[in-house]
$ cat input07.csv   # CSV, C-alpha atoms and all ligand atoms
chain,number,residue,atom,x,y,z
A,1,MET,CA,99.9,-101.4,27.8
A,2,LYS,CA,96.3,-102.4,28.5
A,3,ILE,CA,93.3,-100.4,27.3
A,4,LEU,CA,89.7,-101.0,28.1
A,5,MET,CA,87.5,-99.5,25.4
A,6,VAL,CA,83.9,-99.2,26.5
A,7,GLY,CA,80.9,-99.3,24.2
A,8,ASP,CA,78.2,-96.6,24.1
A,9,ILE,CA,77.3,-95.6,27.7
A,10,VAL,CA,73.5,-95.2,28.0
A,11,GLY,CA,72.1,-93.0,30.8
A,12,GLY,CA,72.6,-93.3,34.5
A,13,PRO,CA,72.8,-97.1,34.5
A,14,GLY,CA,75.6,-97.0,31.9
A,15,ARG,CA,77.5,-94.3,33.8
A,16,MET,CA,77.3,-96.4,37.0
A,17,ALA,CA,78.5,-99.5,35.1
A,18,MET,CA,81.4,-97.7,33.5
A,19,ALA,CA,82.6,-96.3,36.8
A,20,ARG,CA,82.4,-99.6,38.7
A,21,VAL,CA,84.1,-101.7,36.0
A,22,ALA,CA,86.8,-99.0,35.2
A,23,THR,CA,87.6,-98.7,38.9
A,24,ARG,CA,87.8,-102.5,39.4
A,25,TYR,CA,89.9,-103.1,36.2
A,26,LYS,CA,92.4,-100.4,37.2
A,27,ALA,CA,92.6,-101.7,40.8
A,28,GLU,CA,93.3,-105.2,39.5
A,29,GLY,CA,95.8,-104.1,37.0
A,30,ARG,CA,93.7,-105.3,34.1
A,31,ALA,CA,93.5,-101.8,32.4
A,32,ASP,CA,95.9,-98.9,32.5
A,33,ILE,CA,93.7,-96.7,30.4
A,34,VAL,CA,89.9,-96.6,30.0
A,35,ILE,CA,88.3,-95.0,26.9
A,36,ALA,CA,84.5,-94.8,26.7
A,37,ASN,CA,82.0,-93.8,24.1
A,38,ALA,CA,79.8,-91.2,25.8
A,39,GLU,CA,77.4,-90.1,23.1
A,40,ASN,CA,74.3,-91.4,25.0
A,41,CYS,CA,75.3,-90.7,28.6
A,42,ALA,CA,72.8,-87.8,29.1
A,43,ALA,CA,69.6,-89.9,29.2
A,44,GLY,CA,70.5,-91.2,25.8
A,45,ARG,CA,71.2,-87.8,24.2
A,46,GLY,CA,74.7,-86.4,24.2
A,47,ILE,CA,76.7,-85.3,27.1
A,48,THR,CA,76.9,-82.4,29.6
A,49,SER,CA,80.0,-81.0,31.2
A,50,THR,CA,78.8,-82.3,34.6
A,51,LEU,CA,78.4,-85.8,33.2
A,52,ALA,CA,81.7,-85.8,31.5
A,53,GLU,CA,83.3,-84.8,34.8
A,54,GLU,CA,81.4,-87.7,36.5
A,55,LEU,CA,82.8,-90.1,33.9
A,56,PHE,CA,86.4,-88.8,34.3
A,57,ALA,CA,86.1,-89.1,38.1
A,58,GLY,CA,84.7,-92.6,37.6
A,59,GLY,CA,87.8,-93.8,35.8
A,60,ALA,CA,87.5,-92.8,32.1
A,61,ASP,CA,90.7,-91.3,30.7
A,62,ALA,CA,89.2,-90.2,27.4
A,63,LEU,CA,85.7,-90.0,25.9
A,64,THR,CA,84.5,-90.3,22.3
A,65,MET,CA,81.1,-89.1,21.0
A,66,GLY,CA,79.1,-89.9,17.9
A,67,ASP,CA,76.0,-88.7,16.0
A,68,HIS,CA,74.4,-87.5,19.3
A,69,VAL,CA,77.4,-85.1,19.8
A,70,TRP,CA,75.3,-81.9,19.6
A,71,ASP,CA,72.2,-83.1,21.5
A,72,GLN,CA,73.0,-81.0,24.6
A,73,LYS,CA,73.5,-77.3,23.7
A,74,GLU,CA,75.4,-76.7,27.0
A,75,SER,CA,78.2,-79.1,26.0
A,76,MET,CA,79.1,-77.3,22.7
A,77,ALA,CA,81.4,-74.8,24.4
A,78,TYR,CA,82.8,-77.5,26.6
A,79,PHE,CA,84.2,-79.5,23.7
A,80,ASP,CA,86.6,-76.7,22.9
A,81,LYS,CA,87.8,-76.6,26.6
A,82,GLU,CA,88.1,-80.3,27.4
A,83,PRO,CA,91.0,-82.0,25.6
A,84,ARG,CA,89.9,-85.5,26.7
A,85,ILE,CA,86.8,-85.7,24.5
A,86,ALA,CA,86.9,-86.6,20.8
A,87,ARG,CA,84.0,-85.9,18.4
A,88,ALA,CA,84.2,-87.2,14.9
A,89,LEU,CA,87.3,-86.1,12.9
A,90,ASN,CA,85.3,-85.9,9.7
A,91,LEU,CA,82.7,-83.4,10.8
A,92,PRO,CA,82.7,-80.3,8.7
A,93,PRO,CA,85.1,-77.5,9.4
A,94,GLY,CA,83.9,-75.0,12.0
A,95,CYS,CA,82.4,-77.5,14.5
A,96,PRO,CA,83.5,-77.2,18.1
A,97,GLY,CA,85.9,-79.7,19.6
A,98,LYS,CA,88.5,-82.0,18.1
A,99,GLY,CA,88.4,-85.3,16.2
A,100,ALA,CA,91.9,-86.5,17.2
A,101,ILE,CA,93.0,-86.1,20.8
A,102,ARG,CA,96.2,-87.2,22.5
A,103,ILE,CA,96.6,-88.3,26.1
A,104,GLN,CA,99.7,-89.1,28.0
A,105,THR,CA,100.2,-92.6,29.4
A,106,LYS,CA,102.9,-94.2,31.5
A,107,GLU,CA,104.2,-95.7,28.2
A,108,GLY,CA,104.0,-92.7,25.9
A,109,PRO,CA,101.4,-90.7,24.0
A,110,LEU,CA,98.1,-92.3,23.0
A,111,THR,CA,96.1,-90.8,20.2
A,112,ILE,CA,92.3,-91.4,20.0
A,113,ILE,CA,90.4,-90.6,16.9
A,114,GLN,CA,86.8,-90.9,16.1
A,115,LEU,CA,85.4,-91.2,12.6
A,116,MET,CA,81.7,-91.1,11.6
A,117,GLY,CA,80.3,-93.4,9.0
A,118,ARG,CA,78.0,-92.1,6.3
A,119,THR,CA,75.9,-95.1,5.3
A,120,PHE,CA,72.5,-95.0,7.0
A,121,MET,CA,73.7,-92.3,9.3
A,122,ASN,CA,71.7,-89.2,10.0
A,123,ALA,CA,74.7,-86.9,10.3
A,124,THR,CA,76.6,-84.5,8.1
A,125,ALA,CA,80.1,-85.8,7.7
A,126,ASP,CA,82.9,-85.7,5.2
A,127,CYS,CA,84.4,-88.9,3.7
A,128,PRO,CA,85.9,-90.8,6.7
A,129,PHE,CA,88.3,-92.7,4.5
A,130,ARG,CA,89.9,-89.6,2.9
A,131,THR,CA,89.8,-87.8,6.2
A,132,ILE,CA,91.8,-90.4,8.2
A,133,ASP,CA,94.1,-91.0,5.2
A,134,GLU,CA,95.1,-87.3,5.1
A,135,TRP,CA,95.3,-87.1,8.9
A,136,LEU,CA,97.7,-90.1,9.1
A,137,GLN,CA,99.9,-88.8,6.3
A,138,ARG,CA,100.2,-85.5,8.2
A,139,ASN,CA,100.2,-86.6,11.8
A,140,GLY,CA,100.7,-90.4,11.9
A,141,SER,CA,104.2,-90.3,13.2
A,142,GLN,CA,103.3,-88.3,16.3
A,143,SER,CA,102.3,-91.3,18.4
A,144,LYS,CA,102.8,-95.0,18.0
A,145,MET,CA,99.5,-95.9,19.7
A,146,ILE,CA,96.5,-94.8,17.7
A,147,ILE,CA,93.0,-96.0,18.6
A,148,VAL,CA,90.2,-95.3,16.1
A,149,ASP,CA,86.5,-95.3,17.1
A,150,MET,CA,84.6,-96.0,13.9
A,151,HIS,CA,81.1,-94.7,14.8
A,152,ALA,CA,78.8,-96.2,12.1
A,153,GLU,CA,75.6,-98.1,11.4
A,154,ALA,CA,76.7,-100.3,8.5
A,155,THR,CA,78.9,-103.3,9.3
A,156,SER,CA,80.3,-103.0,5.7
A,157,GLU,CA,81.5,-99.5,6.2
A,158,LYS,CA,83.2,-100.5,9.5
A,159,VAL,CA,84.8,-103.6,8.1
A,160,ALA,CA,86.0,-101.6,5.1
A,161,MET,CA,87.6,-99.0,7.5
A,162,GLY,CA,89.3,-101.9,9.4
A,163,LYS,CA,90.8,-103.1,6.1
A,164,PHE,CA,91.7,-99.5,5.0
A,165,LEU,CA,93.6,-98.9,8.3
A,166,ASP,CA,95.1,-102.3,8.6
A,167,GLY,CA,98.7,-102.0,9.8
A,168,ARG,CA,98.4,-98.2,10.0
A,169,VAL,CA,96.8,-97.8,13.4
A,170,THR,CA,96.7,-99.8,16.7
A,171,ALA,CA,93.0,-100.5,16.7
A,172,VAL,CA,89.8,-99.9,14.8
A,173,LEU,CA,86.8,-100.4,17.1
A,174,GLY,CA,83.2,-99.8,16.1
A,175,THR,CA,80.5,-98.0,18.1
A,176,HIS,CA,77.0,-96.8,17.6
A,177,THR,CA,74.7,-99.9,17.0
A,178,HIS,CA,74.7,-100.8,20.8
A,179,ILE,CA,74.9,-104.5,19.8
A,180,GLN,CA,78.2,-106.3,20.4
A,181,THR,CA,79.7,-108.3,17.6
A,182,ALA,CA,81.8,-111.4,18.0
A,183,ASP,CA,84.4,-110.7,15.3
A,184,GLU,CA,87.2,-109.4,17.4
A,185,ALA,CA,90.6,-110.1,15.8
A,186,ILE,CA,94.2,-109.0,15.5
A,187,THR,CA,95.4,-108.8,11.9
A,188,ALA,CA,98.7,-110.0,10.6
A,189,LYS,CA,99.8,-106.4,10.5
A,190,GLY,CA,99.1,-105.9,14.2
A,191,THR,CA,95.8,-104.0,14.1
A,192,ALA,CA,93.0,-104.9,16.5
A,193,TYR,CA,89.5,-104.9,15.0
A,194,MET,CA,86.0,-105.3,16.2
A,195,THR,CA,82.9,-104.2,14.4
A,196,ASP,CA,80.9,-103.0,17.4
A,197,LEU,CA,81.8,-102.9,21.1
A,198,GLY,CA,78.2,-103.0,22.2
A,199,MET,CA,76.3,-101.0,24.8
A,200,THR,CA,77.0,-100.1,28.4
A,201,GLY,CA,73.7,-99.8,30.1
A,202,PRO,CA,70.3,-101.5,30.5
A,203,CYS,CA,70.1,-104.5,28.2
A,204,ASP,CA,66.5,-105.3,29.1
A,205,SER,CA,65.5,-102.8,26.5
A,206,VAL,CA,65.7,-101.9,22.8
A,207,ILE,CA,69.2,-100.5,22.5
A,208,GLY,CA,68.9,-98.9,25.9
A,209,ARG,CA,65.3,-97.5,25.7
A,210,THR,CA,62.2,-99.0,27.4
A,211,THR,CA,60.8,-101.7,25.2
A,212,ASP,CA,57.1,-100.6,25.4
A,213,ALA,CA,57.8,-97.1,24.1
A,214,ILE,CA,59.8,-98.4,21.1
A,215,LEU,CA,57.3,-101.1,20.3
A,216,THR,CA,54.5,-98.5,20.4
A,217,ARG,CA,56.5,-96.3,17.9
A,218,PHE,CA,57.0,-99.3,15.6
A,219,LEU,CA,53.4,-100.5,15.8
A,220,THR,CA,51.6,-97.2,15.5
A,221,GLY,CA,54.1,-94.7,14.1
A,222,MET,CA,53.0,-92.3,16.8
A,223,PRO,CA,55.5,-90.2,18.6
A,224,THR,CA,56.4,-91.6,22.0
A,225,LYS,CA,58.8,-90.5,24.7
A,226,PHE,CA,61.9,-92.7,24.7
A,227,GLU,CA,62.9,-93.3,28.4
A,228,ILE,CA,66.1,-95.0,29.5
A,229,ALA,CA,65.4,-98.6,30.6
A,230,SER,CA,66.6,-99.9,33.9
A,231,GLY,CA,67.0,-103.7,34.0
A,232,ASP,CA,69.9,-106.1,33.3
A,233,VAL,CA,72.8,-103.5,33.3
A,234,ARG,CA,75.9,-104.6,31.5
A,235,LEU,CA,79.2,-103.2,30.3
A,236,HIS,CA,80.2,-104.1,26.8
A,237,GLY,CA,83.6,-103.3,25.3
A,238,ALA,CA,87.0,-104.7,24.5
A,239,LEU,CA,90.3,-105.1,26.3
A,240,LEU,CA,93.4,-104.4,24.3
A,241,SER,CA,97.0,-105.3,25.0
A,242,ILE,CA,99.4,-103.1,23.0
A,243,ASP,CA,103.1,-103.1,22.5
A,244,SER,CA,103.7,-99.4,23.2
A,245,ALA,CA,107.1,-99.4,21.5
A,246,THR,CA,105.7,-100.4,18.1
A,247,GLY,CA,102.0,-99.4,18.5
A,248,LYS,CA,101.0,-102.9,17.4
A,249,ALA,CA,98.1,-104.6,19.1
A,250,LEU,CA,99.0,-107.9,20.7
A,251,LYS,CA,95.6,-109.1,22.0
A,252,ILE,CA,92.0,-108.2,21.9
A,253,LYS,CA,89.4,-109.7,24.3
A,254,ARG,CA,85.7,-109.1,24.0
A,255,VAL,CA,84.3,-107.8,27.3
A,256,GLU,CA,80.9,-108.3,28.9
A,257,GLU,CA,80.5,-107.5,32.5
A,258,ILE,CA,77.1,-108.1,34.0
A,259,LEU,CA,76.3,-105.6,36.8
A,260,SER,CA,72.7,-106.6,37.6
A,261,LYS,CA,71.0,-109.8,36.6
A,262,PRO,CA,68.1,-109.9,34.2
A,263,SER,CA,64.7,-109.7,36.1
B,301,FE,FE,75.0,-94.8,20.7
B,302,FE,FE,75.5,-93.1,17.5
$ encode --input "input07.csv" --output "structure tokens" --more "lines below"
Ligand SMILES: [Fe+2]
Ligand SMILES: [Fe+2]
Amino acid sequence: MKILMVGDIVGGPGRMAMARVATRYKAEGRADIVIANAENCAAGRGITSTLAEELFAGGADALTMGDHVWDQKESMAYFDKEPRIARALNLPPGCPGKGAIRIQTKEGPLTIIQLMGRTFMNATADCPFRTIDEWLQRNGSQSKMIIVDMHAEATSEKVAMGKFLDGRVTAVLGTHTHIQTADEAITAKGTAYMTDLGMTGPCDSVIGRTTDAILTRFLTGMPTKFEIASGDVRLHGALLSIDSATGKALKIKRVEEILSKPS
């Protein structure tokens, strides 16, 4: 079983990149399933039902969110209706949507869970460690293949989650920072790990936004409008090979696909 997990999709350039690469990977037999982080797909802020449908039509089989999950009011009701989107599992009770979703694949059920880190994060969330521990004790036997999207700022919190879940899930893959890390690995217990998948969108930017606006904010502290950048569009993520019978990860490959050259 081959899964392409795509790092944070930013705006229109990111959506285009995801669709092109997902279509090509599936056509070439390089990916059976594509999972994508979509927390920034609506001009950097959240998701709408229309954009979610665009991503599904473009080849995504499941989407995960993050701290931008509630940025678009319109999408709140959609989270309860669409079973292919996961928001963080450790959000407080009463939030719309689900933190653990299950999709059917040709090799059996695949569970996708998102967890939100709490270090340096501007989001209200319960302890991700206790939350996933309790979830696995209750539901861990329902599917062999379990992918965890650890959405967090601090590398330490992500690495700690990788260690905590070692041997208990198929993969722990980080999102949120938009900067890809080079620490992809398979542990002795068969869990794939990578601290951050990176960003799918315009890389001639500051994590997806136009450089000038961000620099003005840093230099003056004045409010500026953060527009989505346009140049040097890339897809970042990871390609996993999984033994679907055991749920163990066999291989992880860091992915960078360049869709438009730097200007
Ligand atoms: Fe993001
Ligand atoms: Fe985020």
$ closest_atom_pairs --input "input07.csv" --of "chain A" --to "ligand FE 302 (chain B)" --cutoff "12 Å" --atoms "all atoms listed in the file" --output "Markdown table"
| residue | atom | partner | partner_atom | distance |
| --- | --- | --- | --- | --- |
| A:Gly7 | CA | B:FE302 | FE | 10.6 |
| A:Asp8 | CA | B:FE302 | FE | 7.9 |
| A:Ile9 | CA | B:FE302 | FE | 10.7 |
| A:Val10 | CA | B:FE302 | FE | 10.9 |
| A:Asn37 | CA | B:FE302 | FE | 9.3 |
| A:Ala38 | CA | B:FE302 | FE | 9.5 |
| A:Glu39 | CA | B:FE302 | FE | 6.6 |
| A:Asn40 | CA | B:FE302 | FE | 7.8 |
| A:Cys41 | CA | B:FE302 | FE | 11.4 |
| A:Gly44 | CA | B:FE302 | FE | 9.9 |
| A:Arg45 | CA | B:FE302 | FE | 9.6 |
| A:Gly46 | CA | B:FE302 | FE | 9.5 |
| A:Thr64 | CA | B:FE302 | FE | 10.6 |
| A:Met65 | CA | B:FE302 | FE | 7.7 |
| A:Gly66 | CA | B:FE302 | FE | 4.8 |
| A:Asp67 | CA | B:FE302 | FE | 4.7 |
| A:His68 | CA | B:FE302 | FE | 6.0 |
| A:Val69 | CA | B:FE302 | FE | 8.5 |
| A:Trp70 | CA | B:FE302 | FE | 11.4 |
| A:Asp71 | CA | B:FE302 | FE | 11.3 |
| A:Arg87 | CA | B:FE302 | FE | 11.2 |
| A:Ala88 | CA | B:FE302 | FE | 10.8 |
| A:Gln114 | CA | B:FE302 | FE | 11.6 |
| A:Leu115 | CA | B:FE302 | FE | 11.2 |
| A:Met116 | CA | B:FE302 | FE | 8.8 |
| A:Gly117 | CA | B:FE302 | FE | 9.8 |
| A:Arg118 | CA | B:FE302 | FE | 11.5 |
| A:Phe120 | CA | B:FE302 | FE | 11.1 |
| A:Met121 | CA | B:FE302 | FE | 8.4 |
| A:Asn122 | CA | B:FE302 | FE | 9.3 |
| A:Ala123 | CA | B:FE302 | FE | 9.5 |
| A:Asp149 | CA | B:FE302 | FE | 11.2 |
| A:Met150 | CA | B:FE302 | FE | 10.2 |
| A:His151 | CA | B:FE302 | FE | 6.4 |
| A:Ala152 | CA | B:FE302 | FE | 7.0 |
| A:Glu153 | CA | B:FE302 | FE | 7.9 |
| A:Ala154 | CA | B:FE302 | FE | 11.6 |
| A:Gly174 | CA | B:FE302 | FE | 10.3 |
| A:Thr175 | CA | B:FE302 | FE | 7.0 |
| A:His176 | CA | B:FE302 | FE | 4.0 |
| A:Thr177 | CA | B:FE302 | FE | 6.9 |
| A:His178 | CA | B:FE302 | FE | 8.4 |
| A:Ile179 | CA | B:FE302 | FE | 11.6 |
| A:Asp196 | CA | B:FE302 | FE | 11.3 |
| A:Gly198 | CA | B:FE302 | FE | 11.3 |
| A:Met199 | CA | B:FE302 | FE | 10.8 |
| A:Ile207 | CA | B:FE302 | FE | 10.9 |
$ atom_distance --input "input07.csv" --atom1 "atom CA of A:Ile47" --atom2 "atom CA of A:Glu184"
28.0 Å
$ residues_around --input "input07.csv" --residues "stretch 214-226 of chain A" --least-positions-apart "4" --cutoff "12 Å" --atoms "all atoms listed in the file" --output "number ranges by chain"
A: 11, 43-45, 205-210
$ atom_distance --input "input07.csv" --atom1 "atom CA of A:Lys248" --atom2 "atom CA of A:Thr191"
6.3 Å
$ closest_residue --input "input07.csv" --among "A:Thr170, A:Thr211, A:Gln180, A:Ser260" --to "ligand FE 301 (chain B)" --atoms "all atoms listed in the file"
A:Gln180
$ closest_residue --input "input07.csv" --among "A:Ala17, A:Ala27, A:Ala42, A:Cys95" --to "ligand FE 301 (chain B)" --atoms "only C-alpha atoms and all ligand atoms"
A:Ala42
$ closest_residue --input "input07.csv" --among "A:Ala36, A:Ala100, A:Leu89, A:Leu110" --to "ligand FE 301 (chain B)" --atoms "only C-alpha atoms and all ligand atoms"
A:Ala36
$ closest_residue --input "input07.csv" --among "A:Thr155, A:Thr200, A:Gln104, A:Gln137" --to "ligand FE 301 (chain B)" --atoms "only C-alpha atoms and all ligand atoms"
A:Thr200
$ closest_residue --input "input07.csv" --among "A:Gly201, A:Gly12, A:Pro92, A:Gly231" --to "ligand FE 301 (chain B)" --atoms "only C-alpha atoms and all ligand atoms"
A:Gly201
$ atom_distance --input "input07.csv" --atom1 "atom CA of A:Ile103" --atom2 "atom CA of A:Leu136"
17.1 Å
$ residues_near_point --input "input07.csv" --point "(94.4, -95.1, 18.1)" --cutoff "7 Å" --atoms "all atoms listed in the file" --output "compact mmCIF listing (two decimals) with C-alpha atoms, keeping the file's coordinate frame"
# COMPACT_ATOMS: atom_id res chain seq x y z
CA LEU A 110 98.10 -92.30 23.00
CA THR A 111 96.10 -90.80 20.20
CA ILE A 112 92.30 -91.40 20.00
CA ILE A 113 90.40 -90.60 16.90
CA MET A 145 99.50 -95.90 19.70
CA ILE A 146 96.50 -94.80 17.70
CA ILE A 147 93.00 -96.00 18.60
CA VAL A 148 90.20 -95.30 16.10
CA VAL A 169 96.80 -97.80 13.40
CA THR A 170 96.70 -99.80 16.70
CA ALA A 171 93.00 -100.50 16.70
$ residues_near_point --input "input07.csv" --point "(86.6, -107.4, 22.1)" --cutoff "9 Å" --atoms "only C-alpha atoms" --output "list in words"
Met5, Leu173, Gln180, Thr181, Ala182, Asp183, Glu184, Ala185, Ala192, Tyr193, Met194, Asp196, Leu197, His236, Gly237, Ala238, Leu239, Leu240, Ile252, Lys253, Arg254, Val255 and Glu256 of chain A
$ closest_residue --input "input07.csv" --among "A:Arg130, A:Arg234, A:Lys261, A:Lys163" --to "A:Arg20" --atoms "all atoms listed in the file"
A:Arg234
$ decode --input "input07.csv" --residues "stretch 60-117 of chain A" --atoms "C-alpha atoms" --output "PDB file, in the first residue's frame"
ATOM      1  CA  ALA A  60      -7.152  13.748  -2.395  1.00  0.00           C
ATOM      2  CA  ASP A  61      -8.776  10.827  -0.564  1.00  0.00           C
ATOM      3  CA  ALA A  62      -8.735  12.472   2.857  1.00  0.00           C
ATOM      4  CA  LEU A  63      -7.883  15.879   4.288  1.00  0.00           C
ATOM      5  CA  THR A  64      -6.512  17.009   7.633  1.00  0.00           C
ATOM      6  CA  MET A  65      -6.748  20.490   9.130  1.00  0.00           C
ATOM      7  CA  GLY A  66      -4.885  22.310  11.935  1.00  0.00           C
ATOM      8  CA  ASP A  67      -5.048  25.499  13.972  1.00  0.00           C
ATOM      9  CA  HIS A  68      -6.727  27.296  11.017  1.00  0.00           C
ATOM     10  CA  VAL A  69      -9.622  24.851  11.147  1.00  0.00           C
ATOM     11  CA  TRP A  70     -12.294  27.416  12.102  1.00  0.00           C
ATOM     12  CA  ASP A  71     -11.081  30.307   9.921  1.00  0.00           C
ATOM     13  CA  GLN A  72     -13.998  29.954   7.491  1.00  0.00           C
ATOM     14  CA  LYS A  73     -17.354  30.035   9.257  1.00  0.00           C
ATOM     15  CA  GLU A  74     -19.056  28.397   6.299  1.00  0.00           C
ATOM     16  CA  SER A  75     -17.049  25.197   6.735  1.00  0.00           C
ATOM     17  CA  MET A  76     -18.098  24.514  10.339  1.00  0.00           C
ATOM     18  CA  ALA A  77     -21.312  22.704   9.448  1.00  0.00           C
ATOM     19  CA  TYR A  78     -19.505  20.938   6.601  1.00  0.00           C
ATOM     20  CA  PHE A  79     -17.136  19.196   9.026  1.00  0.00           C
ATOM     21  CA  ASP A  80     -20.039  17.265  10.516  1.00  0.00           C
ATOM     22  CA  LYS A  81     -21.253  16.174   7.062  1.00  0.00           C
ATOM     23  CA  GLU A  82     -17.989  15.253   5.328  1.00  0.00           C
ATOM     24  CA  PRO A  83     -16.423  12.045   6.691  1.00  0.00           C
ATOM     25  CA  ARG A  84     -13.134  12.524   4.791  1.00  0.00           C
ATOM     26  CA  ILE A  85     -11.886  15.540   6.795  1.00  0.00           C
ATOM     27  CA  ALA A  86     -10.116  15.247  10.144  1.00  0.00           C
ATOM     28  CA  ARG A  87      -9.637  18.157  12.506  1.00  0.00           C
ATOM     29  CA  ALA A  88      -7.528  17.639  15.627  1.00  0.00           C
ATOM     30  CA  LEU A  89      -8.706  14.794  17.869  1.00  0.00           C
ATOM     31  CA  ASN A  90      -7.712  16.688  21.022  1.00  0.00           C
ATOM     32  CA  LEU A  91      -9.945  19.702  20.448  1.00  0.00           C
ATOM     33  CA  PRO A  92     -12.360  20.265  23.331  1.00  0.00           C
ATOM     34  CA  PRO A  93     -15.657  18.327  23.365  1.00  0.00           C
ATOM     35  CA  GLY A  94     -18.437  20.048  21.419  1.00  0.00           C
ATOM     36  CA  CYS A  95     -16.379  21.109  18.386  1.00  0.00           C
ATOM     37  CA  PRO A  96     -17.793  20.131  14.990  1.00  0.00           C
ATOM     38  CA  GLY A  97     -16.204  17.341  12.989  1.00  0.00           C
ATOM     39  CA  LYS A  98     -14.060  14.356  13.871  1.00  0.00           C
ATOM     40  CA  GLY A  99     -10.450  13.894  14.906  1.00  0.00           C
ATOM     41  CA  ALA A 100     -10.189  10.299  13.721  1.00  0.00           C
ATOM     42  CA  ILE A 101     -11.595   9.254  10.355  1.00  0.00           C
ATOM     43  CA  ARG A 102     -11.547   5.955   8.533  1.00  0.00           C
ATOM     44  CA  ILE A 103     -11.489   5.498   4.774  1.00  0.00           C
ATOM     45  CA  GLN A 104     -11.727   2.264   2.834  1.00  0.00           C
ATOM     46  CA  THR A 105      -8.822   1.275   0.605  1.00  0.00           C
ATOM     47  CA  LYS A 106      -8.288  -1.710  -1.678  1.00  0.00           C
ATOM     48  CA  GLU A 107      -6.198  -3.238   1.136  1.00  0.00           C
ATOM     49  CA  GLY A 108      -8.513  -2.559   4.060  1.00  0.00           C
ATOM     50  CA  PRO A 109      -9.486   0.303   6.348  1.00  0.00           C
ATOM     51  CA  LEU A 110      -7.093   3.194   6.857  1.00  0.00           C
ATOM     52  CA  THR A 111      -7.468   5.431   9.902  1.00  0.00           C
ATOM     53  CA  ILE A 112      -6.272   9.015   9.791  1.00  0.00           C
ATOM     54  CA  ILE A 113      -5.934  10.983  13.021  1.00  0.00           C
ATOM     55  CA  GLN A 114      -4.826  14.524  13.597  1.00  0.00           C
ATOM     56  CA  LEU A 115      -3.346  15.769  16.852  1.00  0.00           C
ATOM     57  CA  MET A 116      -2.635  19.390  17.732  1.00  0.00           C
ATOM     58  CA  GLY A 117       0.481  20.299  19.657  1.00  0.00           C
TER      59      GLY A 117
END
